[in-house]
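Q: Here it is: the structure, laid out below.
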Amino acid sequence: MPDEPGANAATGAGRVLELDGVRTFYGNIEALKGVSFHIDRQEIIAILGSNGAGKTTCLSSIVGLTPPRSGRVVYEGADIRGRSTDSLVKGGLVMVPEGRRIFPALTVLENLRMGAYLRRDRQGIKDDLDYILEMFPILAARAGQDGGTLSGGEQQMLAISRGLMGRPRMLLLDEPSLGLAPIVIRSIFDTIKKINQEQKTTILLVEQNANLALQVAHRAYIMTTGLITLEGTASELMNDESVRKAYLGG
Ligand SMILES: Nc1ncnc2c1ncn2[C@@H]1O[C@H](COP(=O)(O)OP(=O)(O)O)[C@@H](O)[C@H]1O
Ligand SMILES: [Mg+2]
């Protein structure tokens, strides 16, 4: 893919993100004990694991909120450790944090515009806004309402949409299913798939809900107390007996 900004021969064809031996601490608690994985262009990758496994710390280590003590984080061929959030967003790397942290006192439309805060391409912003409001008619219907008045599922859609307004090449999603009803989760995951296919966005999805995540992911990594303990394609993991027992309810 020579026309893609991230296609760098030195990093392999279309390698978007690579973590290599990342170790991250909270005080003297080692939350990541040497984590390595990679994501290629246009993949959906899931990191699965129980509560406390270190999934969120993986994402916050990538974007520098919890800077790794050692190891490398390489995005589109460059080590991004120490870079500011703004510089990462400008570079197309956008995180949607856990708990759908939208601005409750701003309207839906204002929340969406916030996602484009670093962009100056007015036409592009308008096009992306149209695309999002078409994909989520419920957000269009509630455009003038305060974000805080939305249901949990609608807030998650708004949080993802706000991320999309930064026009990411890679989206990091932390537990988009958390606390939502099954039917709402279904539609969120359908949307994740659609974004990946239509916008060609590379997606790293962190989830406790292994069943659903494996239905949309191409490959997945299983994390247990700060380490990647298993990796494979989604179908390999769905058919793996230990994975079924531990994460898929038998
Ligand atoms: N701010 C923090 N201070 C101290 N320990 C933390 C903090 N955040 C997470 N941890 C610890 O780091 C480990 C990994 O947490 P986390 O990355 O949030 O896991 P997950 O997202 O998989 O549930 C856990 O043992 C957790 O208690
Ligand atoms: Mg978490």
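Following the order of the structure tokens, first chain is A, next is B, and so on, with residues numbered from 1 inside each chain and ligands from 1 in the order they appear.
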Please give me, as a list in words, the residues lying within 7 Å of ligand 2 when counting only C-alpha atoms and all ligand atoms.
A: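 For ligand 2, the residues inside 7 Å are Asn51, Gly52, Gly54, Lys55, Thr56, Glu98, Asp174 and Glu175 of chain A.
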Q: Keeping only C-alpha atoms, take the residues you just selected and write them out as a PDB file, in the first residue's frame.
A:
```
ATOM      1  CA  ASN A  51     -10.987  -7.468  35.009  1.00  0.00           C
ATOM      2  CA  GLY A  52      -7.564  -6.293  36.207  1.00  0.00           C
ATOM      3  CA  GLY A  54      -4.017  -4.920  32.245  1.00  0.00           C
ATOM      4  CA  LYS A  55      -6.115  -4.174  29.151  1.00  0.00           C
ATOM      5  CA  THR A  56      -6.742  -0.512  29.936  1.00  0.00           C
ATOM      6  CA  GLU A  98     -13.635   3.358  29.016  1.00  0.00           C
ATOM      7  CA  ASP A 174     -11.720   0.512  25.693  1.00  0.00           C
ATOM      8  CA  GLU A 175     -14.610  -1.839  26.605  1.00  0.00           C
TER       9      GLU A 175
END
```
Q: Taking only C-alpha atoms and all ligand atoms into account, report as a list in words which residues have an atom no farther than 8 Å from an atom of ligand 1.
A: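 Every residue with an atom at most 8 Å from ligand 1 is listed here: Phe25, Tyr26, Gly27, Ile29, Glu30, Ala31, Leu32, Gly49, Ser50, Asn51, Gly52, Ala53, Gly54, Lys55, Thr56, Thr57, Cys58, Asp174, Val206, Gln208, Met223, Thr225 and Gly226 of chain A.
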Q: For the selection you just gave me, I'd like the residues written to a file as an mmCIF file, in the first residue's frame, keeping C-alpha atoms.
A:
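File produced: result-v1.cif:
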```
data_model
loop_
_atom_site.group_PDB
_atom_site.id
_atom_site.type_symbol
_atom_site.label_atom_id
_atom_site.label_comp_id
_atom_site.auth_asym_id
_atom_site.auth_seq_id
_atom_site.Cartn_x
_atom_site.Cartn_y
_atom_site.Cartn_z
ATOM 1 C CA PHE A 25 4.107 0.315 36.592
ATOM 2 C CA TYR A 26 1.740 1.955 39.063
ATOM 3 C CA GLY A 27 4.205 2.818 41.817
ATOM 4 C CA ILE A 29 3.086 -2.601 40.979
ATOM 5 C CA GLU A 30 4.043 -3.991 37.581
ATOM 6 C CA ALA A 31 0.790 -3.850 35.567
ATOM 7 C CA LEU A 32 2.372 -4.747 32.193
ATOM 8 C CA GLY A 49 -8.924 -10.669 29.507
ATOM 9 C CA SER A 50 -10.576 -10.547 32.884
ATOM 10 C CA ASN A 51 -10.987 -7.468 35.009
ATOM 11 C CA GLY A 52 -7.564 -6.293 36.207
ATOM 12 C CA ALA A 53 -5.605 -8.150 33.507
ATOM 13 C CA GLY A 54 -4.017 -4.920 32.245
ATOM 14 C CA LYS A 55 -6.115 -4.174 29.151
ATOM 15 C CA THR A 56 -6.742 -0.512 29.936
ATOM 16 C CA THR A 57 -3.104 -0.089 30.948
ATOM 17 C CA CYS A 58 -2.157 -1.358 27.474
ATOM 18 C CA ASP A 174 -11.720 0.512 25.693
ATOM 19 C CA VAL A 206 -10.146 -4.075 24.438
ATOM 20 C CA GLN A 208 -14.031 -8.479 28.705
ATOM 21 C CA MET A 223 -4.073 -11.112 28.463
ATOM 22 C CA THR A 225 -2.131 -10.464 34.761
ATOM 23 C CA GLY A 226 0.051 -8.200 32.677
#
```
Q: Please report, as an mmCIF file with C-alpha atoms, in the first residue's frame, each residue of range 11-114 of chain A to which DSSP assigns strand (DSSP E or B) when run on this structure's backbone.
A:
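Written file, out14.cif:
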```
data_model
loop_
_atom_site.group_PDB
_atom_site.id
_atom_site.type_symbol
_atom_site.label_atom_id
_atom_site.label_comp_id
_atom_site.auth_asym_id
_atom_site.auth_seq_id
_atom_site.Cartn_x
_atom_site.Cartn_y
_atom_site.Cartn_z
ATOM 1 C CA ARG A 15 2.208 -2.665 10.098
ATOM 2 C CA VAL A 16 0.351 0.085 11.985
ATOM 3 C CA LEU A 17 1.200 -0.500 15.621
ATOM 4 C CA GLU A 18 3.704 -2.623 17.429
ATOM 5 C CA LEU A 19 4.376 -2.987 21.139
ATOM 6 C CA ASP A 20 7.639 -4.603 22.051
ATOM 7 C CA GLY A 21 8.378 -5.687 25.618
ATOM 8 C CA VAL A 22 6.296 -2.931 27.208
ATOM 9 C CA ARG A 23 6.543 -2.768 30.998
ATOM 10 C CA THR A 24 4.319 -0.302 32.858
ATOM 11 C CA PHE A 25 4.107 0.315 36.592
ATOM 12 C CA TYR A 26 1.740 1.955 39.063
ATOM 13 C CA ILE A 29 3.086 -2.601 40.979
ATOM 14 C CA GLU A 30 4.043 -3.991 37.581
ATOM 15 C CA ALA A 31 0.790 -3.850 35.567
ATOM 16 C CA LEU A 32 2.372 -4.747 32.193
ATOM 17 C CA LYS A 33 5.192 -7.265 32.446
ATOM 18 C CA GLY A 34 6.649 -7.152 28.946
ATOM 19 C CA VAL A 35 3.743 -6.914 26.510
ATOM 20 C CA SER A 36 4.350 -7.441 22.801
ATOM 21 C CA PHE A 37 1.801 -7.483 19.973
ATOM 22 C CA HIS A 38 1.176 -5.944 16.604
ATOM 23 C CA ILE A 39 -1.646 -4.699 14.411
ATOM 24 C CA ASP A 40 -1.603 -4.452 10.644
ATOM 25 C CA ILE A 44 -9.653 -5.338 13.981
ATOM 26 C CA ILE A 45 -7.654 -6.741 16.876
ATOM 27 C CA ALA A 46 -9.135 -7.630 20.236
ATOM 28 C CA ILE A 47 -7.291 -7.786 23.526
ATOM 29 C CA LEU A 48 -9.306 -10.000 25.837
ATOM 30 C CA SER A 70 10.682 0.120 29.242
ATOM 31 C CA GLY A 71 9.893 -1.376 25.865
ATOM 32 C CA ARG A 72 8.858 0.295 22.621
ATOM 33 C CA VAL A 73 5.580 1.574 21.190
ATOM 34 C CA VAL A 74 5.904 1.969 17.424
ATOM 35 C CA TYR A 75 3.090 3.607 15.445
ATOM 36 C CA ALA A 78 7.958 5.755 14.621
ATOM 37 C CA ASP A 79 8.482 5.311 18.359
ATOM 38 C CA LEU A 93 -4.237 7.751 16.577
ATOM 39 C CA VAL A 94 -7.384 8.287 18.647
ATOM 40 C CA MET A 95 -8.510 6.627 21.876
ATOM 41 C CA VAL A 96 -12.096 6.276 23.073
ATOM 42 C CA THR A 107 -25.041 19.109 23.241
#
```
Q: Neighbouring residues of Gln215 in chain A were defined as those with any atom within 10 Å, considering only C-alpha atoms; residues of the same chain fewer than 6 positions away were excluded. Please report them as an MDAnalysis selection string.
A: chainID A and resid 189:190 193 234:235 238
Q: Using only C-alpha atoms, pick whichever of A:Gly153, A:Gly14, A:Gly166, A:Gly64 has the shortest atom-to-atom distance to Gly77 in chain A.
A: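 Nearest to Gly77 in chain A: A:Gly14.
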Q: List the neighbours of Pro97 in chain A out to 10 Å using only C-alpha atoms; skip same-chain residues closer than 4 positions along the sequence, and give me the result as a list in words.
A: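 These residues fall inside the cut-off: Thr56, Leu59, Ser60, Arg101, Ile102, Ala159, Ile160, Gly163, Leu172, Leu173, Asp174, Glu175 and Pro176 of chain A.
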Q: Which residue out of A:Gly249, A:Pro67, A:Gly148, A:Pro137 has the minimum interatomic distance to Leu106 in chain A when only C-alpha atoms are used?
A: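 Nearest to Leu106 in chain A: A:Gly148.
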